[in-house]
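Working notes for the structure below.
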Amino acid sequence: MRAIRIHSYGGPDVMHLEDLPTPALAPGQALVRVEAASVNFLDIQKRRGELVGQAFYHRATAVSGQPDLPTILGSQGAGVIEALGSDVAQFRAGDRVVFAGTSYATHAIVPAARLIPIPADLTFEQAAAGMNQGFLAYAFTHFAYPTKPGEWCLVQAAAGGLGLLLCQMAKLRGSKVIGVTSSEEKSKFVTEAGADEVLVSTQSDIAKEARRITNGRGVNVVYDGVGKDTFQSNLDSLGPAGYLVIYGQSSGYIPPFDIMTLQEKGSLFLTRTNGLPYLKEYPTYLQQLPTWLREGKLSIHIHKTYPLAEAAEAHAAFERREVVGRLLLLP
Ligand SMILES: NC(=O)c1ccc[n+]([C@@H]2O[C@H](COP(=O)([O-])OP(=O)(O)OC[C@H]3O[C@@H](n4cnc5c(N)ncnc54)[C@H](OP(=O)(O)O)[C@@H]3O)[C@@H](O)[C@H]2O)c1
């Protein structure tokens, strides 16, 4: 197999395409031939070493008994099952699946329990770019804070991979959306995703604008994957008893803060979440996804695809904040 590995943490230059032996299958595992790997911000954080010392990510990504480095990069992919461990009954060789795991590779060994079948109408590219990310957007807008018709939502990094999906999911629920992005070029994609208002973060005071748009009240909910840089303005954008749903930290981790701040800003609710509490909703989501795509109610925006060997260029473009929607690597 070939894979993008890092032997030290750092910039995109630490990423190398290497020939490696294909690992042997153990019971409960599947060997997946990767057709498309999504480039996620989490992969950049892993490459930079920003997940080291974060207990949650370490538990989620470390392979028991093995050193952290060298490591294959990637966190999500789509492909075809080539072979199965002895005791896997629920899949067959040839099945199309998405998986969470080291995906910057031609092949990945994945526990069968982490495989999800791809609906027939979805391409590998759509599946890698939007199936799991779409589920997160669904889970955050329908369950973490189920936004209601007519309510105002503010979506940070709205032109991003998750951001565009969050805007569309909030519109599916009949809510009004303020999307925030850093440039004029990206703002038209946020409008296309259904946002009623688009704010350019480099040109506007976001909290002030959110209050102006909502006649001084503030928004009902903020969905945020940016973290440190947007935390204060998110709190200031919310109306009384508003909800701040934080799911990432593209700009860095939010430092500890005084919980009394929540009361002073209007008795706000705050969560730092992921998709795990809502996994039981995945089958319902998966039933709806092809219909939403067919009816044009949801679209998965793929900004660009790169050959696996050019993964470092993909990371560099992502870090320059040039990307709208999702980048993919095609092994
Ligand atoms: N909790 C979970 O289960 C979960 C799952 C997936 C992803 N995530 C997290 O969600 C966040 C978004 O992931 P994604 O893969 O969809 O990324 P993304 O939103 O497509 O890309 C990150 C965006 O953040 C904005 N940004 C703000 N400050 C930045 C900075 N200092 N450096 C780079 N970008 C910055 C940029 O948009 P503008 O230029 O428009 O500001 C950029 O496009 C990440 O933090 C990721 O770790 C969490």
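As shown in the structure tokens, the chain order sets the letters A, B, ...; within each chain, residues go from 1, and ligands are also counted from 1 in the order they appear.
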In region 60-153 of chain A, DSSP alpha helix (DSSP H) residues written as a PyMOL selection string: chain A and resi 60-61+124-126+132-139
Would you output that residue set with N, CA and C atoms, as a CSV table (one decimal), in the first residue's frame?
```
chain,number,residue,atom,x,y,z
A,60,ALA,N,-9.2,8.8,20.9
A,60,ALA,CA,-9.9,8.5,19.7
A,60,ALA,C,-9.0,8.1,18.5
A,61,THR,N,-7.7,8.6,18.5
A,61,THR,CA,-6.9,8.4,17.4
A,61,THR,C,-5.7,7.5,17.7
A,124,PHE,N,-18.5,7.9,-4.6
A,124,PHE,CA,-17.5,7.8,-3.5
A,124,PHE,C,-17.1,9.3,-3.1
A,125,GLU,N,-17.0,10.2,-4.1
A,125,GLU,CA,-16.6,11.5,-3.7
A,125,GLU,C,-17.6,12.2,-2.8
A,126,GLN,N,-18.9,12.1,-3.2
A,126,GLN,CA,-19.9,12.7,-2.3
A,126,GLN,C,-19.9,12.1,-0.9
A,132,ASN,N,-20.5,11.7,6.4
A,132,ASN,CA,-20.3,11.9,7.9
A,132,ASN,C,-20.4,13.3,8.3
A,133,GLN,N,-19.9,14.2,7.5
A,133,GLN,CA,-20.0,15.6,7.8
A,133,GLN,C,-21.4,16.1,7.8
A,134,GLY,N,-22.2,15.6,6.8
A,134,GLY,CA,-23.6,15.9,6.8
A,134,GLY,C,-24.3,15.4,8.0
A,135,PHE,N,-23.9,14.2,8.5
A,135,PHE,CA,-24.5,13.7,9.7
A,135,PHE,C,-24.3,14.7,10.9
A,136,LEU,N,-23.0,15.2,11.0
A,136,LEU,CA,-22.7,16.1,12.1
A,136,LEU,C,-23.6,17.4,12.0
A,137,ALA,N,-23.7,17.9,10.8
A,137,ALA,CA,-24.6,19.1,10.6
A,137,ALA,C,-26.0,18.8,11.0
A,138,TYR,N,-26.5,17.6,10.6
A,138,TYR,CA,-27.8,17.1,10.9
A,138,TYR,C,-28.0,17.0,12.5
A,139,ALA,N,-27.0,16.4,13.1
A,139,ALA,CA,-27.0,16.1,14.5
A,139,ALA,C,-27.0,17.5,15.3
```
Region 44-48 of chain A environment, 7 Å, only C-alpha atoms, sequence neighbours closer than 3 positions dropped, as a PyMOL selection string: chain A and resi 9-11+41+51+315
Write the residues of the selection above to a file with C-alpha atoms, as a CSV table (one decimal), in the first residue's frame.
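Writing done, so here's result_17.csv:
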```csv
chain,number,residue,atom,x,y,z
A,9,TYR,CA,5.0,17.3,13.7
A,10,GLY,CA,5.2,20.4,11.6
A,11,GLY,CA,4.1,22.1,8.4
A,41,PHE,CA,-9.2,20.4,9.7
A,51,LEU,CA,-3.9,16.9,19.3
A,315,HIS,CA,-3.1,21.0,3.4
```
Polymer residues at most 10 Å from Ser75 (chain A), only C-alpha atoms, same-chain spacing of 2 or more positions, as a PyMOL selection string: chain A and resi 37-43+46+61+72-73+77+99-104
Counting only C-alpha atoms and all ligand atoms, which residues of chain A fall within 6 Å of ligand 1, and what is the closest atom pair for each with its distance in Å at one decimal, ordered by chain and rising number, as a Markdown table?
```
| residue | atom | partner | partner_atom_place_in_ligand_line | distance |
| --- | --- | --- | --- | --- |
| A:Asn40 | CA | ligand 1 | 15 (O) | 3.7 |
| A:Phe41 | CA | ligand 1 | 15 (O) | 3.9 |
| A:Leu42 | CA | ligand 1 | 47 (O) | 4.2 |
| A:Ala157 | CA | ligand 1 | 37 (O) | 4.3 |
| A:Ala159 | CA | ligand 1 | 40 (O) | 5.5 |
| A:Gly160 | CA | ligand 1 | 20 (O) | 3.3 |
| A:Gly161 | CA | ligand 1 | 20 (O) | 3.8 |
| A:Leu162 | CA | ligand 1 | 16 (O) | 4.0 |
| A:Gly163 | CA | ligand 1 | 19 (O) | 5.8 |
| A:Thr181 | CA | ligand 1 | 40 (O) | 3.4 |
| A:Ser182 | CA | ligand 1 | 40 (O) | 4.1 |
| A:Gly225 | CA | ligand 1 | 11 (C) | 4.1 |
| A:Val226 | CA | ligand 1 | 27 (C) | 5.1 |
| A:Tyr247 | CA | ligand 1 | 1 (N) | 4.1 |
| A:Gly248 | CA | ligand 1 | 45 (O) | 3.5 |
| A:Gln249 | CA | ligand 1 | 45 (O) | 4.0 |
| A:Ser250 | CA | ligand 1 | 45 (O) | 3.9 |
| A:Ser251 | CA | ligand 1 | 31 (N) | 3.6 |
| A:Thr273 | CA | ligand 1 | 1 (N) | 5.4 |
| A:Asn274 | CA | ligand 1 | 3 (O) | 3.5 |
| A:Gly275 | CA | ligand 1 | 3 (O) | 5.2 |
| A:Glu319 | CA | ligand 1 | 33 (C) | 5.2 |
| A:Arg321 | CA | ligand 1 | 39 (O) | 4.7 |
| A:Val323 | CA | ligand 1 | 43 (O) | 5.8 |
| A:Gly325 | CA | ligand 1 | 20 (O) | 5.8 |
```
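In this comparison, which uses only C-alpha atoms, the residue of A:Thr305, A:Ser299, A:Thr147, A:Ser267 approaching Lys176 (chain A) most closely is A:Thr147.
The closest residue to Ala93 (chain A), picked from A:Thr191, A:Gln76, A:Lys208, A:Ala30 and counting only C-alpha atoms, is A:Ala30.
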Atom-to-atom span, CA of Gly252 (chain A) and CA of Ile206 (chain A), Å: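 So the two atoms, CA of Gly252 (chain A) and CA of Ile206 (chain A), lie 18.8 Å apart.
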Spatial neighbours of Gly174 (chain A), max dist 8 Å, only C-alpha atoms, sep filter under 6 positions, as a PyMOL selection string: chain A and resi 148-150
Tell me, as a PDB file with N, CA and C atoms, in the first residue's frame, which residues lie within 8 Å of Val34 (chain A), counting only C-alpha atoms; anything in the same chain fewer than 5 positions away does not count.
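Wrote part20.pdb, looks like this:
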```
ATOM      1  N   GLY A  77     -12.712   8.444   5.142  1.00  0.00           N
ATOM      2  CA  GLY A  77     -12.576   8.055   3.747  1.00  0.00           C
ATOM      3  C   GLY A  77     -13.751   7.238   3.272  1.00  0.00           C
ATOM      4  N   ALA A  78     -13.753   6.997   1.948  1.00  0.00           N
ATOM      5  CA  ALA A  78     -14.777   6.148   1.330  1.00  0.00           C
ATOM      6  C   ALA A  78     -14.059   5.178   0.413  1.00  0.00           C
ATOM      7  N   GLY A  79     -14.557   3.944   0.329  1.00  0.00           N
ATOM      8  CA  GLY A  79     -13.899   2.976  -0.530  1.00  0.00           C
ATOM      9  C   GLY A  79     -14.673   1.681  -0.637  1.00  0.00           C
ATOM     10  N   VAL A  80     -13.936   0.635  -1.076  1.00  0.00           N
ATOM     11  CA  VAL A  80     -14.537  -0.676  -1.327  1.00  0.00           C
ATOM     12  C   VAL A  80     -13.864  -1.699  -0.416  1.00  0.00           C
ATOM     13  N   SER A 103      -7.033   7.626   6.472  1.00  0.00           N
ATOM     14  CA  SER A 103      -7.569   7.505   5.108  1.00  0.00           C
ATOM     15  C   SER A 103      -6.644   8.049   4.018  1.00  0.00           C
ATOM     16  N   ALA A 105      -4.355   7.105   2.202  1.00  0.00           N
ATOM     17  CA  ALA A 105      -3.664   5.869   1.850  1.00  0.00           C
ATOM     18  C   ALA A 105      -4.449   5.152   0.759  1.00  0.00           C
ATOM     19  N   THR A 106      -3.781   4.226   0.085  1.00  0.00           N
ATOM     20  CA  THR A 106      -4.509   3.410  -0.896  1.00  0.00           C
ATOM     21  C   THR A 106      -5.371   2.377  -0.181  1.00  0.00           C
ATOM     22  N   HIS A 107      -4.957   1.958   1.032  1.00  0.00           N
ATOM     23  CA  HIS A 107      -5.700   0.951   1.778  1.00  0.00           C
ATOM     24  C   HIS A 107      -5.749   1.342   3.257  1.00  0.00           C
ATOM     25  N   ALA A 108      -6.804   0.879   3.917  1.00  0.00           N
ATOM     26  CA  ALA A 108      -6.913   1.100   5.366  1.00  0.00           C
ATOM     27  C   ALA A 108      -7.510  -0.144   6.009  1.00  0.00           C
ATOM     28  N   PRO A 331      -6.628   8.476  -3.976  1.00  0.00           N
ATOM     29  CA  PRO A 331      -5.447   7.602  -3.995  1.00  0.00           C
ATOM     30  C   PRO A 331      -5.274   6.887  -5.342  1.00  0.00           C
TER      31      PRO A 331
END
```
Atomic separation - CA of Leu328 (chain A) relative to CA of Ala129 (chain A), Å: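 Spanning CA of Ala129 (chain A) to CA of Leu328 (chain A) is a straight-line distance of 7.0 Å.
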For CA of Pro21 (chain A) and CA of Ser86 (chain A), the interatomic separation in Å (one decimal): 20.4 Å
Excluding Lys297 (chain A) and its own-chain neighbours fewer than 6 positions away, which residues fall within 9 Å of it when counting only C-alpha atoms? Please give them as a compact mmCIF listing (two decimals) with all heavy atoms, in the first residue's frame.
```txt
# COMPACT_ATOMS: atom_id res chain seq x y z
N GLN A 168 -27.31 24.73 5.21
CA GLN A 168 -28.39 24.06 4.48
C GLN A 168 -29.32 23.31 5.44
O GLN A 168 -30.54 23.31 5.26
CB GLN A 168 -27.79 23.09 3.46
CG GLN A 168 -27.01 23.82 2.36
CD GLN A 168 -26.34 22.83 1.41
OE1 GLN A 168 -26.97 22.28 0.54
NE2 GLN A 168 -25.06 22.60 1.61
N MET A 169 -28.75 22.67 6.45
CA MET A 169 -29.59 21.93 7.41
C MET A 169 -30.48 22.89 8.21
O MET A 169 -31.64 22.59 8.48
CB MET A 169 -28.70 21.15 8.39
CG MET A 169 -28.03 19.94 7.78
SD MET A 169 -29.19 18.58 7.53
CE MET A 169 -28.10 17.41 6.74
N LEU A 172 -33.29 23.77 6.05
CA LEU A 172 -34.25 22.66 5.97
C LEU A 172 -35.22 22.70 7.14
O LEU A 172 -36.35 22.26 7.03
CB LEU A 172 -33.50 21.31 5.98
CG LEU A 172 -32.96 20.81 4.65
CD1 LEU A 172 -32.08 19.58 4.86
CD2 LEU A 172 -34.11 20.45 3.73
N THR A 291 -32.58 11.51 -0.69
CA THR A 291 -33.75 12.30 -1.12
C THR A 291 -33.41 13.78 -1.11
O THR A 291 -33.70 14.50 -2.07
CB THR A 291 -34.94 12.03 -0.17
OG1 THR A 291 -35.06 10.63 0.00
CG2 THR A 291 -36.23 12.59 -0.72
```
Every residue of region 167-226 of chain A that DSSP places in strand (DSSP E or B), as an NGL selection string: :A and (176-181 or 197-200 or 219-224)
Top pick for closest residue to Glu192 (chain A), considering A:Leu235, A:Leu298, A:Ala312, A:Leu286 and counting only C-alpha atoms: A:Leu298
For Tyr253 (chain A): contacts at 10 Å, only C-alpha atoms, fewer than 5 positions along chain excluded, given as a PDB file with N, CA and C atoms, in the first residue's frame:
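Saved to around13.pdb:
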```
ATOM      1  N   GLU A  50      -1.165  19.349  17.342  1.00  0.00           N
ATOM      2  CA  GLU A  50      -2.068  20.042  18.267  1.00  0.00           C
ATOM      3  C   GLU A  50      -3.014  19.092  19.010  1.00  0.00           C
ATOM      4  N   VAL A 226     -14.742  27.281  14.991  1.00  0.00           N
ATOM      5  CA  VAL A 226     -13.513  28.090  14.924  1.00  0.00           C
ATOM      6  C   VAL A 226     -12.830  28.158  16.294  1.00  0.00           C
ATOM      7  N   GLY A 227     -13.617  28.188  17.376  1.00  0.00           N
ATOM      8  CA  GLY A 227     -13.028  28.092  18.715  1.00  0.00           C
ATOM      9  C   GLY A 227     -12.551  29.411  19.280  1.00  0.00           C
ATOM     10  N   LYS A 228     -11.245  29.516  19.517  1.00  0.00           N
ATOM     11  CA  LYS A 228     -10.660  30.625  20.300  1.00  0.00           C
ATOM     12  C   LYS A 228     -11.031  32.005  19.739  1.00  0.00           C
ATOM     13  N   ASP A 229     -10.802  32.223  18.439  1.00  0.00           N
ATOM     14  CA  ASP A 229     -10.936  33.578  17.879  1.00  0.00           C
ATOM     15  C   ASP A 229     -12.378  34.087  17.866  1.00  0.00           C
ATOM     16  N   PHE A 231     -14.896  33.053  20.100  1.00  0.00           N
ATOM     17  CA  PHE A 231     -15.642  32.739  21.334  1.00  0.00           C
ATOM     18  C   PHE A 231     -16.359  33.975  21.898  1.00  0.00           C
ATOM     19  N   GLY A 248     -15.600  22.599  17.224  1.00  0.00           N
ATOM     20  CA  GLY A 248     -14.223  22.542  16.729  1.00  0.00           C
ATOM     21  C   GLY A 248     -13.417  23.751  17.163  1.00  0.00           C
TER      22      GLY A 248
END
```
Distance criterion (only C-alpha atoms): nearest to Glu310 (chain A) out of A:Asp121, A:Asp13, A:Asp196, A:Glu184: A:Asp13
Residue with smallest distance to Gly242 (chain A) - pool A:Leu154, A:Gln287, A:Lys280, A:Glu197, counting only C-alpha atoms: A:Leu154
